[in-house]
Every structure is written in structure tokens, then in C-alpha cells.
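K.L.:
What follows is run-v8.txt; its format and atoms are compact mmCIF, C-alpha atoms.
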# COMPACT_ATOMS: atom_id res chain seq x y z
CA MET A 1 91.98 180.58 24.21
CA MET A 2 95.73 180.10 24.41
CA ALA A 3 96.25 179.85 20.67
CA PRO A 4 98.89 182.37 19.64
CA ASP A 5 96.44 184.68 17.96
CA GLY A 6 96.75 187.69 20.20
CA TRP A 7 99.10 189.50 22.56
CA GLY A 8 96.73 188.93 25.46
CA ASP A 9 96.97 185.18 25.13
CA THR A 10 100.73 185.27 24.78
CA VAL A 11 101.05 187.41 27.89
CA THR A 12 98.76 185.06 29.83
CA ALA A 13 100.84 182.09 28.67
CA LEU A 14 104.07 183.80 29.72
CA VAL A 15 102.62 184.61 33.16
CA ALA A 16 101.65 180.93 33.47
CA VAL A 17 105.17 179.88 32.46
CA ALA A 18 106.80 182.30 34.92
CA GLY A 19 104.65 180.86 37.69
CA LEU A 20 105.57 177.33 36.64
CA ALA A 21 109.28 178.18 36.81
CA VAL A 22 108.78 179.51 40.34
CA ILE A 23 106.97 176.27 41.22
CA THR A 24 109.92 174.22 39.96
CA LEU A 25 112.26 176.32 42.11
CA VAL A 26 110.12 176.21 45.26
CA THR A 27 109.21 172.49 45.16
CA ARG A 28 112.74 171.34 44.33
CA GLY A 29 114.29 173.69 46.85
CA PHE A 30 111.59 173.36 49.51
CA PHE A 31 113.63 172.14 52.49
CA LEU A 32 116.74 173.92 51.22
CA ILE A 33 115.14 177.35 51.63
CA PRO A 34 114.97 177.82 55.45
CA GLU A 35 118.21 178.97 57.10
CA ARG A 36 117.73 176.68 60.11
CA GLU A 37 117.37 172.96 59.64
CA VAL A 38 113.78 171.70 59.83
CA GLN A 39 113.61 169.08 62.57
CA MET A 40 112.31 165.73 61.39
CA PRO A 41 111.59 162.59 63.39
CA SER A 42 114.38 160.03 62.97
CA TRP A 43 112.04 157.32 61.67
CA LEU A 44 110.99 159.63 58.86
CA ARG A 45 114.60 160.45 58.10
CA ARG A 46 115.38 156.73 57.85
CA GLY A 47 112.27 156.05 55.82
CA LEU A 48 113.06 158.76 53.28
CA ARG A 49 116.08 156.71 52.18
CA TYR A 50 113.57 154.62 50.27
CA ALA A 51 112.08 157.65 48.53
CA PRO A 52 114.35 157.87 45.47
CA LEU A 53 113.96 154.24 44.43
CA ALA A 54 110.27 154.32 45.33
CA ALA A 55 109.69 157.41 43.17
CA LEU A 56 111.33 155.72 40.20
CA ALA A 57 109.33 152.54 40.70
CA ALA A 58 106.10 154.54 41.11
CA VAL A 59 106.73 156.31 37.81
CA LEU A 60 107.74 153.07 36.08
CA GLY A 61 104.86 150.86 37.21
CA PRO A 62 102.08 152.66 35.30
CA GLU A 63 104.40 153.37 32.34
CA LEU A 64 104.98 149.64 31.88
CA VAL A 65 101.65 147.97 32.59
CA MET A 66 98.94 150.58 31.94
CA ARG A 67 97.42 152.16 28.87
CA ASP A 68 94.84 154.96 28.88
CA GLY A 69 94.46 154.66 32.62
CA GLN A 70 93.67 150.94 32.54
CA LEU A 71 95.77 147.91 33.41
CA ILE A 72 96.63 146.33 30.06
CA SER A 73 94.73 143.13 29.33
CA THR A 74 96.93 141.68 26.60
CA TRP A 75 100.42 140.23 26.34
CA ALA A 76 100.71 141.74 22.87
CA ASP A 77 102.22 144.95 24.22
CA ALA A 78 105.74 145.78 23.10
CA ARG A 79 106.63 147.27 26.48
CA LEU A 80 106.47 143.95 28.31
CA PRO A 81 108.97 141.93 26.23
CA ALA A 82 111.16 145.04 25.95
CA ALA A 83 111.30 145.53 29.72
CA ALA A 84 111.85 141.80 30.27
CA ALA A 85 114.73 141.74 27.80
CA ALA A 86 116.22 144.89 29.35
CA LEU A 87 116.04 143.40 32.86
CA ALA A 88 117.55 140.11 31.68
CA PHE A 89 120.39 142.05 30.05
CA TYR A 90 120.99 144.02 33.24
CA ARG A 91 121.42 140.81 35.26
CA PHE A 92 123.98 139.67 32.73
CA ARG A 93 125.72 143.02 32.37
CA PRO A 94 124.78 145.96 34.63
CA SER A 95 124.86 148.86 32.19
CA ILE A 96 122.15 151.53 31.98
CA LEU A 97 123.04 152.29 28.37
CA GLY A 98 122.71 148.56 27.64
CA VAL A 99 119.27 148.51 29.22
CA ILE A 100 118.13 151.34 26.92
CA ALA A 101 119.71 149.80 23.81
CA VAL A 102 118.41 146.26 24.38
CA GLY A 103 114.99 147.50 25.44
CA MET A 104 114.59 149.69 22.35
CA ALA A 105 115.95 146.94 20.07
CA VAL A 106 113.08 144.73 21.25
CA TYR A 107 110.49 147.51 21.52
CA LEU A 108 110.78 149.32 18.19
CA PRO A 109 110.31 146.33 15.83
CA LEU A 110 107.36 145.02 17.86
CA HIS A 111 105.78 148.46 18.20
CA ILE A 112 106.33 149.78 14.68
CA GLY A 113 106.29 146.45 12.85
CA LEU A 114 103.51 144.58 14.61
CA GLY A 115 101.70 147.52 16.16
CA TRP A 116 102.01 146.05 19.67
CA MET B 1 136.17 167.75 62.69
CA ARG B 2 136.87 169.10 59.25
CA ALA B 3 135.22 172.44 58.57
CA LEU B 4 132.55 172.21 55.90
CA ALA B 5 133.73 173.52 52.57
CA GLY B 6 131.98 176.56 51.13
CA PRO B 7 130.44 176.62 47.68
CA VAL B 8 132.75 175.32 44.94
CA ALA B 9 134.32 177.81 42.55
CA TRP B 10 132.82 177.41 39.08
CA ARG B 11 136.24 177.71 37.48
CA SER B 12 137.58 174.72 39.43
CA LEU B 13 134.85 172.40 38.18
CA PRO B 14 136.10 171.26 34.74
CA GLY B 15 139.26 169.80 36.25
CA ASP B 16 137.53 168.18 39.21
CA PRO B 17 137.41 164.35 39.04
CA GLU B 18 134.05 164.27 40.82
CA PHE B 19 132.61 166.73 38.29
CA ARG B 20 133.71 164.41 35.50
CA ARG B 21 132.36 161.41 37.32
CA GLY B 22 128.97 163.09 37.60
CA MET B 23 129.04 163.78 33.86
CA ARG B 24 129.96 160.15 33.12
CA ASP B 25 127.20 158.77 35.33
CA ILE B 26 124.60 160.94 33.58
CA ALA B 27 125.96 160.03 30.15
CA ALA B 28 124.81 156.44 30.68
CA THR B 29 121.19 157.60 30.99
CA SER B 30 121.22 160.56 28.61
CA LEU B 31 120.28 158.61 25.48
CA GLY B 32 116.95 157.72 27.07
CA ILE B 33 116.44 161.13 28.64
CA SER B 34 117.15 162.87 25.35
CA ALA B 35 114.70 160.69 23.42
CA TRP B 36 112.09 161.47 26.04
CA ALA B 37 112.89 165.20 25.88
CA LEU B 38 112.55 165.18 22.10
CA VAL B 39 109.08 163.67 22.41
CA ALA B 40 108.16 166.18 25.14
CA GLY B 41 109.31 169.01 22.87
CA VAL B 42 107.16 167.72 20.02
CA ALA B 43 104.17 167.42 22.34
CA THR B 44 104.71 170.99 23.57
CA ALA B 45 104.86 172.33 20.01
CA LYS B 46 101.79 170.35 18.95
CA ALA B 47 99.78 171.83 21.80
CA GLY B 48 99.61 174.97 19.67
CA ILE B 49 100.74 177.52 22.23
CA GLY B 50 103.14 179.12 19.77
CA THR B 51 106.83 178.37 19.21
CA GLY B 52 108.07 181.24 21.36
CA VAL B 53 105.97 180.27 24.36
CA ALA B 54 106.85 176.58 23.86
CA VAL B 55 110.60 177.26 23.92
CA THR B 56 110.33 179.66 26.86
CA MET B 57 108.29 177.07 28.72
CA THR B 58 110.78 174.29 28.09
CA LEU B 59 113.76 176.38 29.14
CA ALA B 60 112.11 177.95 32.19
CA ILE B 61 110.18 175.07 33.76
CA TYR B 62 112.82 172.35 33.36
CA ALA B 63 110.44 169.73 34.73
CA GLY B 64 109.23 167.38 32.02
CA SER B 65 106.43 165.67 33.90
CA ALA B 66 104.93 168.97 35.08
CA GLN B 67 105.24 170.44 31.58
CA LEU B 68 103.36 167.53 30.00
CA ALA B 69 100.74 167.63 32.76
CA VAL B 70 99.89 171.31 32.31
CA LEU B 71 99.91 171.43 28.49
CA PRO B 72 96.33 170.19 28.04
CA LEU B 73 95.22 172.67 30.73
CA LEU B 74 96.89 175.60 28.96
CA VAL B 75 95.36 174.57 25.65
CA ALA B 76 91.92 174.31 27.22
CA GLY B 77 92.33 177.77 28.73
CA SER B 78 92.08 176.56 32.33
CA PRO B 79 92.42 179.22 35.05
CA LEU B 80 96.00 179.92 36.12
CA TRP B 81 95.47 178.59 39.61
CA VAL B 82 94.45 175.19 38.21
CA VAL B 83 97.57 175.13 36.02
CA TRP B 84 99.80 176.05 38.96
CA LEU B 85 98.13 173.67 41.41
CA THR B 86 98.54 170.80 38.95
CA ALA B 87 102.25 171.52 38.47
CA THR B 88 102.75 171.80 42.23
CA CYS B 89 101.13 168.42 42.83
CA VAL B 90 103.10 166.73 40.05
CA ASN B 91 106.26 168.22 41.61
CA LEU B 92 105.48 167.21 45.21
CA ARG B 93 107.99 164.35 45.05
CA PHE B 94 110.71 167.00 44.73
CA VAL B 95 109.68 168.37 48.14
CA ILE B 96 110.54 164.95 49.59
CA PHE B 97 113.82 164.94 47.68
CA SER B 98 114.70 168.41 48.97
CA ALA B 99 114.62 167.10 52.54
CA LEU B 100 117.47 164.76 51.56
CA TRP B 101 119.35 167.45 49.62
CA ARG B 102 119.37 169.46 52.82
CA ASN B 103 121.55 166.80 54.49
CA TYR B 104 124.25 167.35 51.89
CA PHE B 105 124.02 171.03 51.03
CA GLY B 106 122.33 172.69 54.04
CA HIS B 107 125.59 174.43 54.97
CA LEU B 108 125.88 176.37 51.70
CA PRO B 109 124.67 179.98 51.25
CA LEU B 110 121.03 180.46 50.25
CA ALA B 111 121.74 181.53 46.66
CA ARG B 112 123.75 178.36 46.06
CA ARG B 113 121.14 176.18 47.77
CA LEU B 114 118.42 177.59 45.52
CA ARG B 115 120.51 177.02 42.44
CA ILE B 116 121.10 173.42 43.51
CA GLY B 117 117.38 172.97 44.14
CA TYR B 118 116.36 174.28 40.74
CA PHE B 119 118.74 171.99 38.85
CA SER B 120 118.07 168.84 40.89
CA GLY B 121 115.86 166.71 38.66
CA ASP B 122 114.90 163.09 39.28
CA ILE B 123 117.88 161.42 37.62
CA VAL B 124 120.41 163.73 39.23
CA PHE B 125 118.85 162.96 42.60
CA VAL B 126 118.96 159.17 42.30
CA LEU B 127 122.48 159.12 40.85
CA PHE B 128 123.70 161.44 43.59
CA LEU B 129 122.25 159.26 46.34
CA ARG B 130 123.76 156.20 44.72
CA ARG B 131 127.16 157.92 44.71
CA PHE B 132 126.88 159.35 48.25
CA PRO B 133 124.61 157.02 50.25
CA ALA B 134 125.76 158.36 53.65
CA GLN B 135 123.60 161.43 54.14
CA LYS B 136 126.26 163.84 55.33
CA PRO B 137 128.43 166.48 53.69
CA GLU B 138 131.64 165.15 52.11
CA ALA B 139 134.29 166.60 49.85
CA GLY B 140 133.48 166.42 46.15
CA GLN B 141 129.71 166.33 46.51
CA GLU B 142 129.00 169.69 44.97
CA ALA B 143 131.38 169.03 42.07
CA TYR B 144 129.66 165.69 41.42
CA PHE B 145 126.28 167.42 41.62
CA TRP B 146 127.16 170.04 39.01
CA GLY B 147 128.74 167.48 36.71
CA ALA B 148 125.53 165.49 36.75
CA ALA B 149 123.18 168.49 36.81
CA ILE B 150 124.76 170.43 33.94
CA SER B 151 124.95 167.32 31.74
CA ASN B 152 121.38 166.43 32.55
CA TRP B 153 120.23 169.97 31.73
CA LEU B 154 121.91 169.78 28.32
CA ALA B 155 120.65 166.24 27.68
CA TRP B 156 117.10 167.45 28.36
CA GLN B 157 117.02 170.99 26.95
CA ILE B 158 118.80 170.55 23.61
CA PRO B 159 116.55 167.73 22.33
CA CYS B 160 113.46 169.30 23.89
CA VAL B 161 113.99 172.61 22.06
CA ALA B 162 114.91 170.67 18.91
CA GLY B 163 111.64 168.79 19.30
CA VAL B 164 109.71 172.06 19.42
CA PHE B 165 111.24 173.25 16.14
CA MET B 166 111.13 169.90 14.34
CA ALA B 167 107.72 168.82 15.59
CA ASP B 168 106.48 167.91 12.12
CA LEU B 169 109.54 165.85 11.22
CA ILE B 170 109.53 163.52 14.21
CA PRO B 171 107.31 160.46 14.06
CA ILE B 172 105.76 160.44 17.50
CA GLY B 173 103.93 157.18 16.82
CA TRP B 174 107.24 155.30 16.90
CA GLY B 175 107.24 155.43 20.65
CA LEU B 176 110.73 156.92 21.00
CA GLY B 177 109.75 158.23 24.42
CA PHE B 178 109.91 154.67 25.70
CA ALA B 179 113.69 155.12 25.80
CA GLY B 180 113.15 157.47 28.74
CA VAL B 181 111.21 154.79 30.59
CA LEU B 182 114.05 152.35 29.93
CA ALA B 183 116.59 154.86 31.26
CA LEU B 184 114.61 155.10 34.49
CA LEU B 185 114.39 151.30 34.58
CA GLY B 186 118.16 151.04 34.28
CA VAL B 187 118.70 153.55 37.08
CA ALA B 188 116.18 151.70 39.27
CA CYS B 189 118.03 148.42 38.66
CA SER B 190 121.29 149.99 39.77
CA MET B 191 119.66 151.00 43.06
CA LEU B 192 118.30 147.58 44.00
CA ALA B 193 120.83 146.88 46.73
CA GLY B 194 118.94 144.24 48.69
CA ARG B 195 115.70 142.45 49.31
CA ILE B 196 114.09 145.28 51.29
CA GLU B 197 114.81 147.68 48.45
CA LEU B 198 113.34 145.21 45.97
CA LEU B 199 110.24 144.88 48.13
CA ALA B 200 109.93 148.66 48.54
CA ALA B 201 110.25 149.18 44.77
CA GLY B 202 107.60 146.52 44.09
CA ILE B 203 105.24 148.10 46.62
CA ALA B 204 105.77 151.57 45.12
CA ALA B 205 105.07 150.32 41.60
CA CYS B 206 101.92 148.42 42.65
CA GLY B 207 100.72 151.35 44.77
CA ALA B 208 101.16 153.78 41.89
CA VAL B 209 99.25 151.46 39.53
CA ALA B 210 96.47 150.83 42.04
CA ALA B 211 96.07 154.54 42.83
CA PHE B 212 96.36 155.64 39.20
CA ALA B 213 92.84 157.04 39.14
CA LEU B 214 93.78 159.75 41.65
CA PRO B 215 94.01 163.21 40.09
CA LEU B 216 97.20 165.24 39.61
CA LYS B 217 99.60 162.28 39.60
CA MET B 218 99.00 161.77 43.30
CA ASN B 219 99.48 158.05 42.66
CA ILE B 220 103.24 158.66 42.64
CA LEU B 221 103.07 160.01 46.19
CA VAL B 222 100.89 157.07 47.25
CA GLY B 223 103.53 154.71 45.86
CA ILE B 224 106.35 156.53 47.67
CA ALA B 225 104.46 156.64 50.99
CA ALA B 226 103.59 152.93 50.78
CA ALA B 227 107.19 152.01 49.99
CA VAL B 228 108.59 154.11 52.85
CA ALA B 229 106.10 152.55 55.29
CA VAL B 230 106.80 149.00 54.14
CA GLY B 231 110.55 149.65 54.15
CA LEU B 232 110.48 150.91 57.75
CA VAL B 233 108.29 148.05 59.00
CA THR B 234 110.39 145.42 57.25
CA GLU B 235 113.58 147.01 58.56
CA ALA B 236 112.19 146.82 62.09
CA LEU B 237 111.17 143.18 61.67
CA PHE B 238 114.38 142.03 60.01
CA PRO B 239 117.32 144.26 61.02
CA PRO B 240 119.08 144.34 57.68
CA PRO B 241 122.68 144.07 56.68
CA SER B 242 121.50 145.60 53.41
CA ARG B 243 121.44 149.34 52.91
CA ILE B 244 119.81 151.13 50.08
CA VAL B 245 122.29 151.79 47.31
CA ALA B 246 125.00 150.23 49.45
CA ARG B 247 126.53 148.79 46.33
CA GLY B 248 128.27 151.18 43.96
CA ALA B 249 126.57 149.42 41.09
CA GLY B 250 126.48 151.80 38.14
CA ASP B 251 128.06 150.56 34.99
CA GLY B 252 130.51 148.24 36.60
CA ARG B 253 132.66 151.12 37.82
CA GLY B 254 131.92 152.86 41.07
CA ASP B 255 133.89 151.66 44.05
CA ALA B 256 131.53 150.36 46.69
CA PRO B 257 130.88 153.25 49.04
CA GLY B 258 130.23 150.86 51.90
CA SER B 259 127.16 150.75 54.03
CA GLY B 260 127.14 154.45 54.80
CA GLU B 261 125.71 155.78 58.05
Mind turning the file's structure into C-alpha cells?
P.N.:
Amino acid sequence: MMAPDGWGDTVTALVAVAGLAVITLVTRGFFLIPEREVQMPSWLRRGLRYAPLAALAAVLGPELVMRDGQLISTWADARLPAAAAALAFYRFRPSILGVIAVGMAVYLPLHIGLGW
Amino acid sequence: MRALAGPVAWRSLPGDPEFRRGMRDIAATSLGISAWALVAGVATAKAGIGTGVAVTMTLAIYAGSAQLAVLPLLVAGSPLWVVWLTATCVNLRFVIFSALWRNYFGHLPLARRLRIGYFSGDIVFVLFLRRFPAQKPEAGQEAYFWGAAISNWLAWQIPCVAGVFMADLIPIGWGLGFAGVLALLGVACSMLAGRIELLAAGIAACGAVAAFALPLKMNILVGIAAAVAVGLVTEALFPPPSRIVARGAGDGRGDAPGSGE
């Protein structure tokens, strides 16, 4: 239906995209929008300090140990040795760029070469 | 008490040391983010929604995870409300983040607050909180924000649009997108300030894996909620000397901002 084979579809797609842009703005700006501060219990305020790290970890967990919605059942997965090498490197030298470089240096040969 | 500064002047930004610091901090992650964006651009082009729509989408949405989540729905011709509901759910973590942004930028005029909200992606958020762990307005925060946010926008948009146009040239089977995962891993490492943070991160990861079957990426929210709960309980049981991001880890620079609060 959304294939670019007619003006109607393109217009529908652009309406969808406009709505999606508004959603980005409203979700990211949610508590920034009201003029007066929204009162929040202090325990929640303290607890939200954990949110950034928790969000990263929650994104990372499935990206590292799941495939097609299932927990992986093999060690022959290039992501595991790559992440392990990246973490080991970070302990030795805390550099984000180093984590990416070392991780990819382990990942690409295993993934492309061995099909892990 | 020092009066809160108004919005920064755009012209003053290039010379501002905090602006440059924000750019430097993003630069460390941008290799991974750009590889990820390239793959997202290819995926958007391959969805067959037309090059024009694909580029407009990339530039307007500026939210990679939401974009990838709604693509199959657009292709399948799902109703608009399903598309929009999906994107909203995938973006719910940003609602949590915005509560923290408020502590830093709540005093700015609405137009500036909205602009900050729109450009505050995941990486910008975590780097900002690592740089300014005490949740109160300080000098230099907005300059740091724009340094990080503008660099991050470029690091995402340029490769993403390139990916749309070069979709047939880029071998997606190579798994280049894994660089983005590694960038997030590196940022997460730099935020592990103490044992409670390590525990909270572990709980969030396990929670997100366990709840993976939930629709609309709700597993991310489950992970966050579990980590916040465990963090609060553990804090109450063992009053900690550790504070999240209390160490100015980064790439070996970053002067320790102290234990904030």
C-alpha cells in the first residue's frame, strides 16, 4: 500500500512522518513543556538517577544475548567474544572509541569469516 | 544566589569551552553511532517507501529506534494510529529522560525548552548526566548540551541519509550496525560508578531480556523500572558512598565532578 506508486500513498506516508516528528518532540520534551514544575515524590526523583544507565543496559541486554526474539543457545556468536574483548579493553584503558574499535576487530572476522 | 542564566546566544557557542567539550565527548561515540545510522538508512531505503519519503522520515523523526520500529508497519500499510502508538511506546523512555532535563533547563523559555527536548537523544542524555551529575542548573550546561546535540545530529543524519542513497552498495550482512551496540556499551561502562550502579545495570539488562516478548519494546521500560526499584531498595539497605556517574570517567579526561547533590 505504501509503495511509491501513487500520490495518495506518498501523502499518507508524509502525514505519518509528520506525526512521527511530533511524537519525537512531545515524548522527548514531555516534562519540559509545562510552565510550572510537575511535582514528583522525592523517592522517584532519586530513583530516576538510575534511569540513564538502566536504559542503556536494557537496550544492550537483548542486543548482545538474543537473536530473533530468543536467548541464543550457542557460544558460536560473534557478539559474545566481541563484547568480552571490548569490556576487557575498557578495564585496561577506558576509551569508548577503543571499545568500538576492539569490539569490531573481534566481531567482523568472526561474523564475516566464520559466519558466527 | 546567582540568577539563572537565560538561553545561550547561538553566536557565542563556537568559542565556548563547554560547547567544545560536548563535541569531544560525542566524538568518542560517533564512529559507532554513524555505523548504526548508515545501517538504519539502508533499512529505511530497502523498506520501499520511496527515496523522498525515506529521507524526509530520517531528517524529521530523528529517533532511530522508533524509525526502525515503524518501518515494517508502514510497509504493511498499518493504520496511522498503530504507527503512531508504536513510535510513542518505543519513545516512552524519553518521557522519563525529560523529567531529568527539566531539572537543568526548566528555567529557559518554552521555545528553547522544546528545541532542547527535540535534540536530546539517548547518547546526548547519558553524556550530559555524566558531565553534570548534580541535577541543578549550572553555568555551561546549555553550551555543553548543544555541543553534544549538534555533533550527535550530524553523526546520525549524514550517514543515515547516505545509507538511504547508497542502499545497494552497503553490505548489510556484515553486521556494521554492531558498532552502534559497542558505542552504547562503551558509554554504559563509563557510567558504572559503583556497585549499586553495576547491580542496577545488570537488573535492567536481565529484565529487558526476560520481558522481550512484550510488544512495542515495552521490555526496555520493564528493565528501567526494575533497575530503579532495585537501586532505591539497595540504597536504603546500604547507604552508599557511591553516586551514579560520580566519577568523571570518559576517555581519561573529565575532572571528577564530585559526588553531586
K.L.:
Counting only C-alpha atoms, which residues of chain A come no farther than 7 Å from chain B, as a PyMOL selection string?
P.N.:
chain A and resi 1-4+13-14+16-17+19-21+23-25+27-33+47-48+50-62+69+94-97+99-100+103-104+112
K.L.:
Nearest residue to Lys46 of chain B out of B:Cys160, B:Phe128, B:Val8, B:Asp168, using only C-alpha atoms?
P.N.:
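Checking each candidate against Lys46 of chain B, we get B:Asp168 as the closest.
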K.L.:
To one decimal place, how far is atom CA of Thr12 of chain A from atom CA of Leu71 of chain B in Å?
P.N.:
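Straight-line distance from atom CA of Thr12 of chain A to atom CA of Leu71 of chain B works out to 13.7 Å.
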K.L.:
Please compute the atom CA of Leu237 of chain B-atom CA of Trp43 of chain A distance, one decimal, in Å.
P.N.:
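Separating atom CA of Leu237 of chain B from atom CA of Trp43 of chain A is a distance of 14.2 Å.
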K.L.:
Counting only C-alpha atoms, which residue out of B:Ser151, B:Gly22, B:Ala167, B:Ile33 sits closest to Arg131 of chain B?
P.N.:
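The answer is B:Gly22, which sits nearest to Arg131 of chain B.
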K.L.:
Is it possible to get the axis-aligned box enclosing segment 94-103 of chain A (all listed atoms, 8 Å extra per side) as AutoDock Vina command-line options, with centre and edge lengths in Å rounded to one decimal?
P.N.:
--center_x 119.9 --center_y 149.1 --center_z 29.2 --size_x 25.9 --size_y 22.3 --size_z 26.8
K.L.:
May I ask for the distance between atom CA of Ser65 of chain B and atom CA of Ile150 of chain B, given in Å to one decimal place?
P.N.:
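Answer for the atom CA of Ser65 of chain B to atom CA of Ile150 of chain B separation: 18.9 Å.
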K.L.:
Which of these, B:Val161, B:Arg11, B:Val124, B:Leu216, has the shortest distance to Gly147 of chain B once you count all atoms listed in the file?
P.N.:
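The closest residue to Gly147 of chain B is B:Val124.
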